[in-house]
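Participant: CSV, C-alpha atoms, file entry02.csv:
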```
chain,number,residue,atom,x,y,z
A,1,MET,CA,33.5,5.6,105.8
A,2,ALA,CA,33.4,9.2,106.9
A,3,ILE,CA,33.0,10.4,103.3
A,4,ALA,CA,30.3,7.9,102.6
A,5,LYS,CA,28.3,9.1,105.6
A,6,LYS,CA,28.8,12.8,104.7
A,7,ALA,CA,27.3,12.3,101.3
A,8,VAL,CA,24.0,11.1,102.8
A,9,VAL,CA,23.9,13.9,105.4
A,10,TRP,CA,24.7,16.5,102.8
A,11,GLY,CA,22.2,15.1,100.3
A,12,LEU,CA,19.3,15.1,102.8
A,13,PHE,CA,20.4,18.6,103.9
A,14,ALA,CA,20.4,19.9,100.3
A,15,ALA,CA,17.1,18.3,99.5
A,16,GLY,CA,15.5,19.7,102.6
A,17,GLY,CA,16.8,23.2,101.8
A,18,THR,CA,15.4,23.1,98.3
A,19,LEU,CA,12.1,21.8,99.5
A,20,THR,CA,11.7,24.4,102.3
A,21,SER,CA,12.7,27.2,99.9
A,22,PHE,CA,10.0,26.1,97.5
A,23,ILE,CA,7.2,25.1,99.9
A,24,TYR,CA,7.5,27.0,103.2
A,25,PRO,CA,6.5,30.4,101.8
A,26,ALA,CA,3.2,28.9,100.7
A,27,LEU,CA,2.9,27.1,104.1
A,28,ILE,CA,3.5,30.3,106.0
A,29,ALA,CA,1.0,32.1,103.7
A,30,LEU,CA,-1.6,29.5,104.6
A,31,PHE,CA,-1.0,30.0,108.3
A,32,LEU,CA,-1.3,33.7,107.7
A,33,LEU,CA,-4.7,33.1,106.0
A,34,ILE,CA,-5.8,31.0,108.9
A,35,ALA,CA,-4.7,33.7,111.4
A,36,THR,CA,-6.9,36.3,109.6
A,37,GLY,CA,-9.9,33.9,110.2
A,38,ASN,CA,-10.4,33.1,106.5
A,39,VAL,CA,-9.8,29.4,106.6
A,40,PRO,CA,-9.7,28.2,103.0
A,41,ALA,CA,-12.0,25.4,101.9
A,42,GLY,CA,-9.2,22.9,101.4
A,43,LEU,CA,-8.2,23.3,105.0
A,44,GLN,CA,-11.7,22.7,106.5
A,45,PHE,CA,-11.7,19.3,108.3
A,46,GLU,CA,-13.6,17.3,105.6
A,47,GLN,CA,-11.4,18.3,102.7
A,48,PHE,CA,-8.0,18.3,104.5
A,49,HIS,CA,-8.8,15.0,106.1
A,50,THR,CA,-9.6,13.5,102.6
A,51,PHE,CA,-6.2,14.8,101.4
A,52,ALA,CA,-4.3,13.5,104.5
A,53,VAL,CA,-6.1,10.1,104.4
A,54,SER,CA,-4.8,9.4,100.8
A,55,TRP,CA,-1.4,7.7,100.6
A,56,LEU,CA,-0.2,10.4,98.2
A,57,GLY,CA,-1.2,13.1,100.7
A,58,LYS,CA,0.5,11.2,103.5
A,59,ALA,CA,3.6,10.7,101.5
A,60,CYS,CA,3.8,14.4,100.6
A,61,LEU,CA,3.3,15.6,104.1
A,62,PHE,CA,5.8,13.1,105.5
A,63,ILE,CA,8.6,13.9,103.0
A,64,VAL,CA,8.2,17.6,103.5
A,65,LEU,CA,8.3,17.3,107.3
A,66,PHE,CA,11.1,14.8,107.4
A,67,LEU,CA,13.4,16.7,105.1
A,68,SER,CA,12.6,20.1,106.6
A,69,LEU,CA,13.3,18.9,110.1
A,70,TRP,CA,16.6,17.3,109.1
A,71,HIS,CA,17.6,20.4,107.2
A,72,ALA,CA,16.8,22.7,110.1
A,73,ALA,CA,18.6,20.5,112.6
A,74,HIS,CA,21.7,20.4,110.5
A,75,ARG,CA,21.7,24.1,110.0
A,76,LEU,CA,20.9,25.0,113.7
A,77,ARG,CA,24.0,22.9,114.6
A,78,VAL,CA,26.1,25.3,112.6
A,79,VAL,CA,24.2,28.3,114.0
A,80,ALA,CA,25.1,27.1,117.5
A,81,HIS,CA,28.7,27.0,116.6
A,82,ASP,CA,28.5,30.4,115.0
A,83,PHE,CA,27.1,31.8,118.3
A,84,GLY,CA,30.0,30.4,120.2
A,85,ILE,CA,28.6,27.2,121.5
A,86,ARG,CA,31.5,24.8,121.2
A,87,LYS,CA,29.9,21.6,122.4
A,88,ASP,CA,29.3,20.2,119.0
A,89,LYS,CA,28.6,16.6,120.0
A,90,LEU,CA,26.0,17.6,122.5
A,91,VAL,CA,24.4,20.1,120.2
A,92,ALA,CA,24.4,17.7,117.3
A,93,ASN,CA,22.9,14.8,119.4
A,94,THR,CA,20.2,17.1,120.8
A,95,LEU,CA,19.2,18.6,117.4
A,96,TYR,CA,19.2,15.3,115.5
A,97,THR,CA,17.2,13.8,118.3
A,98,VAL,CA,14.6,16.6,118.0
A,99,ALA,CA,14.5,16.1,114.2
A,100,ALA,CA,14.1,12.3,114.7
A,101,ILE,CA,11.3,12.7,117.3
A,102,GLY,CA,9.5,15.1,114.9
A,103,THR,CA,9.9,12.6,112.0
A,104,VAL,CA,8.6,9.7,114.1
A,105,LEU,CA,5.6,11.9,115.3
A,106,ALA,CA,4.9,12.8,111.7
A,107,ALA,CA,4.8,9.2,110.7
A,108,PHE,CA,2.7,8.3,113.8
A,109,TYR,CA,0.1,11.1,113.3
A,110,LEU,CA,-0.1,10.5,109.5
A,111,PHE,CA,-0.5,6.7,110.0
A,112,SER,CA,-3.3,7.3,112.6
A,113,ILE,CA,-5.3,9.5,110.2
A,114,SER,CA,-7.9,7.1,108.8
B,1,MET,CA,57.4,29.4,111.2
B,2,SER,CA,57.3,31.0,114.5
B,3,ARG,CA,56.8,28.8,117.6
B,4,ASN,CA,54.1,31.1,118.8
B,5,PRO,CA,52.2,32.3,115.8
B,6,TYR,CA,50.1,35.3,116.4
B,7,VAL,CA,46.4,34.5,116.7
B,8,ARG,CA,44.2,37.5,116.2
B,9,PRO,CA,41.6,37.5,119.0
B,10,VAL,CA,38.1,37.1,117.5
B,11,SER,CA,35.0,36.9,119.6
B,12,THR,CA,33.3,33.6,119.2
B,13,THR,CA,29.9,35.1,120.0
B,14,THR,CA,29.8,38.4,118.2
B,15,TRP,CA,32.3,37.9,115.3
B,16,TYR,CA,29.6,38.4,112.6
B,17,MET,CA,29.0,42.0,113.7
B,18,ARG,CA,32.3,43.0,112.1
B,19,HIS,CA,31.2,42.8,108.5
B,20,GLY,CA,28.0,43.4,106.6
B,21,ARG,CA,28.5,40.2,104.7
B,22,TYR,CA,28.8,38.2,107.9
B,23,LYS,CA,25.6,39.8,109.3
B,24,VAL,CA,23.7,38.8,106.2
B,25,TYR,CA,25.1,35.2,106.6
B,26,VAL,CA,23.8,35.0,110.2
B,27,LEU,CA,20.4,36.5,109.3
B,28,ARG,CA,20.2,33.9,106.5
B,29,GLU,CA,21.1,31.0,108.8
B,30,LEU,CA,18.5,32.2,111.4
B,31,THR,CA,15.7,31.1,109.0
B,32,SER,CA,16.4,27.6,110.2
B,33,PHE,CA,14.6,28.5,113.4
B,34,LEU,CA,11.5,29.3,111.3
B,35,VAL,CA,11.8,26.0,109.5
B,36,MET,CA,11.9,24.2,112.8
B,37,PHE,CA,9.0,26.3,114.2
B,38,TYR,CA,6.7,25.8,111.2
B,39,SER,CA,7.5,22.1,111.0
B,40,PHE,CA,6.4,21.6,114.6
B,41,LEU,CA,3.4,23.8,114.2
B,42,THR,CA,2.3,21.6,111.2
B,43,LEU,CA,2.9,18.6,113.4
B,44,VAL,CA,0.6,20.0,116.1
B,45,GLY,CA,-2.0,20.5,113.4
B,46,LEU,CA,-1.6,16.9,112.2
B,47,SER,CA,-2.0,15.6,115.7
B,48,ALA,CA,-5.3,17.5,115.9
B,49,LEU,CA,-6.4,16.3,112.4
B,50,ALA,CA,-5.6,12.7,113.5
B,51,ALA,CA,-7.7,13.1,116.7
B,52,SER,CA,-11.1,14.5,115.5
B,53,ALA,CA,-12.9,17.2,113.7
B,54,GLU,CA,-13.5,19.1,116.9
B,55,ARG,CA,-9.7,19.1,117.7
B,56,TRP,CA,-8.9,20.3,114.2
B,57,ASP,CA,-11.4,23.1,114.5
B,58,ALA,CA,-10.0,24.0,117.9
B,59,PHE,CA,-6.5,24.0,116.4
B,60,LEU,CA,-7.6,26.4,113.6
B,61,ALA,CA,-9.3,28.6,116.2
B,62,SER,CA,-6.2,28.7,118.3
B,63,GLN,CA,-4.2,29.9,115.4
B,64,GLN,CA,-6.3,33.0,114.8
B,65,GLY,CA,-5.6,36.5,116.1
B,66,THR,CA,-3.7,39.7,115.4
B,67,GLY,CA,-0.5,38.6,117.1
B,68,MET,CA,-0.4,35.5,114.9
B,69,MET,CA,-1.1,37.6,111.8
B,70,VAL,CA,1.8,39.9,112.4
B,71,PHE,CA,4.1,37.0,113.3
B,72,HIS,CA,3.2,35.1,110.1
B,73,ALA,CA,3.5,38.2,107.9
B,74,VAL,CA,6.9,39.1,109.2
B,75,ALA,CA,8.0,35.5,109.0
B,76,LEU,CA,6.8,35.2,105.4
B,77,PHE,CA,8.9,38.2,104.3
B,78,TYR,CA,11.9,37.2,106.4
B,79,PHE,CA,11.8,33.7,104.9
B,80,LEU,CA,11.4,34.9,101.3
B,81,PHE,CA,14.3,37.4,101.5
B,82,PHE,CA,16.7,35.3,103.6
B,83,GLN,CA,16.0,31.8,102.6
B,84,THR,CA,14.0,31.3,99.3
B,85,PHE,CA,15.5,34.1,97.2
B,86,PRO,CA,19.1,33.5,98.3
B,87,TRP,CA,18.7,29.8,97.7
B,88,PHE,CA,17.5,30.4,94.1
B,89,LYS,CA,20.4,32.8,93.6
B,90,LEU,CA,22.9,30.2,94.8
B,91,ALA,CA,21.4,27.4,92.8
B,92,PRO,CA,23.6,27.7,89.6
B,93,LYS,CA,26.7,27.7,91.8
B,94,ALA,CA,25.5,24.6,93.8
B,95,MET,CA,24.1,22.7,90.8
B,96,PRO,CA,25.7,23.9,87.5
B,97,VAL,CA,24.0,22.4,84.5
B,98,GLN,CA,25.8,21.5,81.4
B,99,VAL,CA,24.1,20.6,78.1
B,100,GLY,CA,26.5,19.0,75.6
B,101,GLU,CA,29.6,21.3,75.5
B,102,LYS,CA,27.8,24.4,76.8
B,103,LYS,CA,27.1,25.5,80.3
B,104,VAL,CA,23.6,26.6,80.9
B,105,PRO,CA,23.7,30.4,81.8
B,106,ASP,CA,23.2,31.2,85.5
B,107,ASN,CA,20.2,33.4,84.8
B,108,THR,CA,18.4,30.6,83.0
B,109,ILE,CA,18.7,28.3,86.1
B,110,ILE,CA,17.7,31.1,88.4
B,111,ILE,CA,14.6,32.0,86.4
B,112,GLY,CA,13.7,28.3,86.1
B,113,HIS,CA,13.7,28.2,89.9
B,114,TYR,CA,11.4,31.2,90.2
B,115,VAL,CA,9.0,29.7,87.6
B,116,ALA,CA,9.0,26.3,89.3
B,117,TRP,CA,8.4,28.1,92.7
B,118,ALA,CA,5.5,30.1,91.3
B,119,VAL,CA,3.9,27.0,89.7
B,120,LEU,CA,4.3,24.9,92.9
B,121,SER,CA,3.0,27.7,95.1
B,122,LEU,CA,-0.1,28.2,92.9
B,123,PHE,CA,-0.7,24.4,93.0
B,124,ILE,CA,-0.5,24.4,96.8
B,125,PHE,CA,-3.0,27.3,97.0
B,126,TRP,CA,-5.2,25.5,94.5
B,127,LEU,CA,-5.0,22.3,96.6
B,128,ALA,CA,-5.9,24.3,99.8
B,129,GLY,CA,-8.9,25.9,98.0
B,130,VAL,CA,-7.5,29.4,98.1
B,131,LEU,CA,-7.8,29.8,94.3
```
Starting from the file, lay out its structure as structure tokens.
Facilitator:
Amino acid sequence: MAIAKKAVVWGLFAAGGTLTSFIYPALIALFLLIATGNVPAGLQFEQFHTFAVSWLGKACLFIVLFLSLWHAAHRLRVVAHDFGIRKDKLVANTLYTVAAIGTVLAAFYLFSIS
Amino acid sequence: MSRNPYVRPVSTTTWYMRHGRYKVYVLRELTSFLVMFYSFLTLVGLSALAASAERWDAFLASQQGTGMMVFHAVALFYFLFFQTFPWFKLAPKAMPVQVGEKKVPDNTIIIGHYVAWAVLSLFIFWLAGVL
């Protein structure tokens, strides 16, 4: 039972790590562009809304956010241990709850874009 | 075995300061804060996008400024050197690929990751209208 559960946790963690490694540099670069005031055409409301309204766009955004949040939560749990916080149950519950809330919010916001 | 084995006292809060390799490990793991931060920042953006065009424009306006520029620029380099590149370097160890009898060389897998990363990043920039 414990082993079966671990495979799922680990699989999502690895998928999230790969996805963030590949995608987050571009995401941060886009935020950097926005910060300079040069908002690219694809991120103007009309165009980005068209992307996020499509089911493919929604699915991409959801998968990236879900896996990244899960990955970060899992790793921050270990970081907490590394920094001497030895209340793993509490830390794990808190972080996984934060990731779950983020995932539900992502689904809710994406669903309400129409 | 001794009844009272000697346990070397190691600080639970500053143990990684003893060795360069441990420091790099901790610096690498700290990128998970960035993943959390940018995930929630994107969520804030999506909530604005779901609300209205005015809220989206207000969100874009709120993200501008020198402070944000410096933060994103530092975050980008930090993320590349402590998450993306190490992840690619570790890929052949985490996912060794075998074709027939032969093991695919580590470098082939690593270069494959860099190529895929470049293509995907260019696609995202194209999608965002940067290119």
Participant: Taking all atoms listed in the file into account, which of A:Ala59, A:Leu19, A:Ala26, A:Ala41 comes nearest A:Ala72?
Facilitator: A:Leu19
Participant: Leaving out A:Val39 and any residue of its chain fewer than 5 positions from it, which residues lie within 10 Å of it when counting only C-alpha atoms, given as a list in words?
Facilitator: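 Within the cut-off, the hits are Leu30, Phe31, Leu32, Leu33, Ile34 and Gln44 of chain A; Leu60, Ala61, Gln64, Ala128, Gly129 and Val130 of chain B.
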Participant: For the residues in that selection, give me C-alpha atoms as a short mmCIF file (atom, residue, chain, number, x, y, z; two decimals), in the coordinates of the input.
Facilitator:
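New file again-v8.cif:
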```cif
data_model
loop_
_atom_site.label_atom_id
_atom_site.label_comp_id
_atom_site.auth_asym_id
_atom_site.auth_seq_id
_atom_site.Cartn_x
_atom_site.Cartn_y
_atom_site.Cartn_z
CA LEU A 30 -1.60 29.50 104.60
CA PHE A 31 -1.00 30.00 108.30
CA LEU A 32 -1.30 33.70 107.70
CA LEU A 33 -4.70 33.10 106.00
CA ILE A 34 -5.80 31.00 108.90
CA GLN A 44 -11.70 22.70 106.50
CA LEU B 60 -7.60 26.40 113.60
CA ALA B 61 -9.30 28.60 116.20
CA GLN B 64 -6.30 33.00 114.80
CA ALA B 128 -5.90 24.30 99.80
CA GLY B 129 -8.90 25.90 98.00
CA VAL B 130 -7.50 29.40 98.10
#
```
Participant: Report, in Å to a single decimal, how far apart atom CA of A:Gly57 and atom CA of B:Leu127 are.
Facilitator: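 Value for the atom CA of B:Leu127-atom CA of A:Gly57 distance: 10.8 Å.
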Participant: What's around stretch 94-103 of chain A at 8 Å? Count all atoms listed in the file, leave out sequence neighbours fewer than 4 positions away in its own chain, and write the answer as a JSON list (two decimals) with C-alpha atoms, in the frame of the given file.
Facilitator:
```json
[["chain", "number", "residue", "atom", "x", "y", "z"],
["A", 62, "PHE", "CA", 5.80, 13.10, 105.50],
["A", 65, "LEU", "CA", 8.30, 17.30, 107.30],
["A", 66, "PHE", "CA", 11.10, 14.80, 107.40],
["A", 69, "LEU", "CA", 13.30, 18.90, 110.10],
["A", 70, "TRP", "CA", 16.60, 17.30, 109.10],
["A", 73, "ALA", "CA", 18.60, 20.50, 112.60],
["A", 74, "HIS", "CA", 21.70, 20.40, 110.50],
["A", 76, "LEU", "CA", 20.90, 25.00, 113.70],
["A", 77, "ARG", "CA", 24.00, 22.90, 114.60],
["A", 90, "LEU", "CA", 26.00, 17.60, 122.50],
["A", 107, "ALA", "CA", 4.80, 9.20, 110.70],
["B", 40, "PHE", "CA", 6.40, 21.60, 114.60],
["B", 43, "LEU", "CA", 2.90, 18.60, 113.40]]
```
Participant: Could you work out how far atom CA of A:Phe22 lies from atom CA of B:Asp57, giving the answer in Å with one decimal?
Facilitator: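 Separating atom CA of B:Asp57 from atom CA of A:Phe22 is a distance of 27.5 Å.
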Participant: List as a compact mmCIF listing (two decimals) with C-alpha atoms, in the frame of the given file the protein and nucleic acid residues near B:Val74, meaning an atom at most 12 Å away when only C-alpha atoms are counted, but skip any in the same chain fewer than 4 places from it.
Facilitator:
```txt
# COMPACT_ATOMS: atom_id res chain seq x y z
CA PRO A 25 6.50 30.40 101.80
CA ILE A 28 3.50 30.30 106.00
CA ALA A 29 1.00 32.10 103.70
CA LEU A 32 -1.30 33.70 107.70
CA THR B 31 15.70 31.10 109.00
CA LEU B 34 11.50 29.30 111.30
CA GLY B 67 -0.50 38.60 117.10
CA MET B 68 -0.40 35.50 114.90
CA MET B 69 -1.10 37.60 111.80
CA VAL B 70 1.80 39.90 112.40
CA TYR B 78 11.90 37.20 106.40
CA PHE B 79 11.80 33.70 104.90
CA LEU B 80 11.40 34.90 101.30
CA PHE B 81 14.30 37.40 101.50
CA PHE B 82 16.70 35.30 103.60
```
Participant: Hey, can you check how far atom CA of A:Ala52 sits from atom CA of B:Val44?
Facilitator: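 According to the coordinates, atom CA of A:Ala52 and atom CA of B:Val44 are separated by 14.2 Å.
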Participant: Which of these residues is nearest to chain B, using only C-alpha atoms: A:Leu12, A:Val64, A:Ile113, A:Val53?
Facilitator: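 Looking only at the distances to chain B, the closest residue turns out to be A:Ile113.
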Participant: So, counting only C-alpha atoms, which residue among B:Gly100, B:Pro92, B:Gly45, B:Pro5 is closest to chain A?
Facilitator: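 Between B:Gly100, B:Pro92, B:Gly45, B:Pro5, the residue approaching chain A most closely is B:Gly45.
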Participant: Restrict the distance test to all atoms listed in the file, flag each residue of chain B within 8 Å of chain A, and return the flagged residues as a ChimeraX atom specification.
Facilitator: /B:12-14,26,29-30,32-33,35-36,38-40,43,46-47,49-51,53,56-57,60,63-66,68-69,72-73,75-76,79-80,83-85,87,117,120-121,124-125,127-130
Participant: Some atoms are absent from stretch 99-129 of chain B, so rebuild N, CA and C atoms and return them as an mmCIF file, in the frame of the given file.
Facilitator:
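Below is the file result_31.cif, written as the result:
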```cif
data_model
loop_
_atom_site.group_PDB
_atom_site.id
_atom_site.type_symbol
_atom_site.label_atom_id
_atom_site.label_comp_id
_atom_site.auth_asym_id
_atom_site.auth_seq_id
_atom_site.Cartn_x
_atom_site.Cartn_y
_atom_site.Cartn_z
ATOM 1 N N VAL B 99 24.758 21.318 79.161
ATOM 2 C CA VAL B 99 24.100 20.600 78.100
ATOM 3 C C VAL B 99 25.091 20.482 76.935
ATOM 4 N N GLY B 100 25.516 19.257 76.661
ATOM 5 C CA GLY B 100 26.500 19.000 75.600
ATOM 6 C C GLY B 100 27.834 19.724 76.084
ATOM 7 N N GLU B 101 28.353 20.604 75.226
ATOM 8 C CA GLU B 101 29.600 21.300 75.500
ATOM 9 C C GLU B 101 29.338 22.564 76.341
ATOM 10 N N LYS B 102 28.071 23.060 76.252
ATOM 11 C CA LYS B 102 27.800 24.400 76.800
ATOM 12 C C LYS B 102 27.246 24.337 78.203
ATOM 13 N N LYS B 103 27.657 25.325 78.981
ATOM 14 C CA LYS B 103 27.100 25.500 80.300
ATOM 15 C C LYS B 103 25.841 26.306 80.226
ATOM 16 N N VAL B 104 24.812 25.842 80.916
ATOM 17 C CA VAL B 104 23.600 26.600 80.900
ATOM 18 C C VAL B 104 23.789 27.907 81.674
ATOM 19 N N PRO B 105 23.399 29.071 81.098
ATOM 20 C CA PRO B 105 23.700 30.400 81.800
ATOM 21 C C PRO B 105 23.003 30.397 83.166
ATOM 22 N N ASP B 106 23.709 31.064 84.102
ATOM 23 C CA ASP B 106 23.200 31.200 85.500
ATOM 24 C C ASP B 106 21.798 31.682 85.558
ATOM 25 N N ASN B 107 21.534 32.740 84.756
ATOM 26 C CA ASN B 107 20.200 33.400 84.800
ATOM 27 C C ASN B 107 19.091 32.424 84.415
ATOM 28 N N THR B 108 19.371 31.551 83.438
ATOM 29 C CA THR B 108 18.400 30.600 83.000
ATOM 30 C C THR B 108 17.976 29.672 84.168
ATOM 31 N N ILE B 109 18.989 29.216 84.911
ATOM 32 C CA ILE B 109 18.700 28.300 86.100
ATOM 33 C C ILE B 109 17.937 29.067 87.125
ATOM 34 N N ILE B 110 18.344 30.329 87.396
ATOM 35 C CA ILE B 110 17.700 31.100 88.400
ATOM 36 C C ILE B 110 16.213 31.358 88.054
ATOM 37 N N ILE B 111 15.980 31.776 86.800
ATOM 38 C CA ILE B 111 14.600 32.000 86.400
ATOM 39 C C ILE B 111 13.787 30.748 86.395
ATOM 40 N N GLY B 112 14.421 29.640 86.012
ATOM 41 C CA GLY B 112 13.700 28.300 86.100
ATOM 42 C C GLY B 112 13.256 28.051 87.494
ATOM 43 N N HIS B 113 14.084 28.381 88.507
ATOM 44 C CA HIS B 113 13.700 28.200 89.900
ATOM 45 C C HIS B 113 12.483 29.027 90.271
ATOM 46 N N TYR B 114 12.507 30.307 89.847
ATOM 47 C CA TYR B 114 11.400 31.200 90.200
ATOM 48 C C TYR B 114 10.096 30.701 89.534
ATOM 49 N N VAL B 115 10.197 30.236 88.275
ATOM 50 C CA VAL B 115 9.000 29.700 87.600
ATOM 51 C C VAL B 115 8.465 28.505 88.308
ATOM 52 N N ALA B 116 9.372 27.570 88.627
ATOM 53 C CA ALA B 116 9.000 26.300 89.300
ATOM 54 C C ALA B 116 8.321 26.679 90.665
ATOM 55 N N TRP B 117 8.897 27.662 91.351
ATOM 56 C CA TRP B 117 8.400 28.100 92.700
ATOM 57 C C TRP B 117 6.960 28.644 92.529
ATOM 58 N N ALA B 118 6.770 29.498 91.502
ATOM 59 C CA ALA B 118 5.500 30.100 91.300
ATOM 60 C C ALA B 118 4.417 29.014 90.981
ATOM 61 N N VAL B 119 4.781 28.072 90.105
ATOM 62 C CA VAL B 119 3.900 27.000 89.700
ATOM 63 C C VAL B 119 3.496 26.154 90.949
ATOM 64 N N LEU B 120 4.526 25.770 91.727
ATOM 65 C CA LEU B 120 4.300 24.900 92.900
ATOM 66 C C LEU B 120 3.447 25.643 93.942
ATOM 67 N N SER B 121 3.728 26.941 94.154
ATOM 68 C CA SER B 121 3.000 27.700 95.100
ATOM 69 C C SER B 121 1.498 27.804 94.704
ATOM 70 N N LEU B 122 1.272 28.079 93.413
ATOM 71 C CA LEU B 122 -0.100 28.200 92.900
ATOM 72 C C LEU B 122 -0.801 26.819 93.069
ATOM 73 N N PHE B 123 -0.070 25.720 92.829
ATOM 74 C CA PHE B 123 -0.700 24.400 93.000
ATOM 75 C C PHE B 123 -1.063 24.150 94.440
ATOM 76 N N ILE B 124 -0.203 24.548 95.383
ATOM 77 C CA ILE B 124 -0.500 24.400 96.800
ATOM 78 C C ILE B 124 -1.744 25.208 97.177
ATOM 79 N N PHE B 125 -1.805 26.464 96.683
ATOM 80 C CA PHE B 125 -3.000 27.300 97.000
ATOM 81 C C PHE B 125 -4.233 26.728 96.358
ATOM 82 N N TRP B 126 -4.092 26.146 95.176
ATOM 83 C CA TRP B 126 -5.200 25.500 94.500
ATOM 84 C C TRP B 126 -5.709 24.312 95.356
ATOM 85 N N LEU B 127 -4.728 23.528 95.806
ATOM 86 C CA LEU B 127 -5.000 22.300 96.600
ATOM 87 C C LEU B 127 -5.730 22.746 97.916
ATOM 88 N N ALA B 128 -5.285 23.890 98.496
ATOM 89 C CA ALA B 128 -5.900 24.300 99.800
ATOM 90 C C ALA B 128 -7.186 25.060 99.550
ATOM 91 N N GLY B 129 -7.572 25.240 98.273
ATOM 92 C CA GLY B 129 -8.900 25.900 98.000
ATOM 93 C C GLY B 129 -8.833 27.373 98.078
#
```
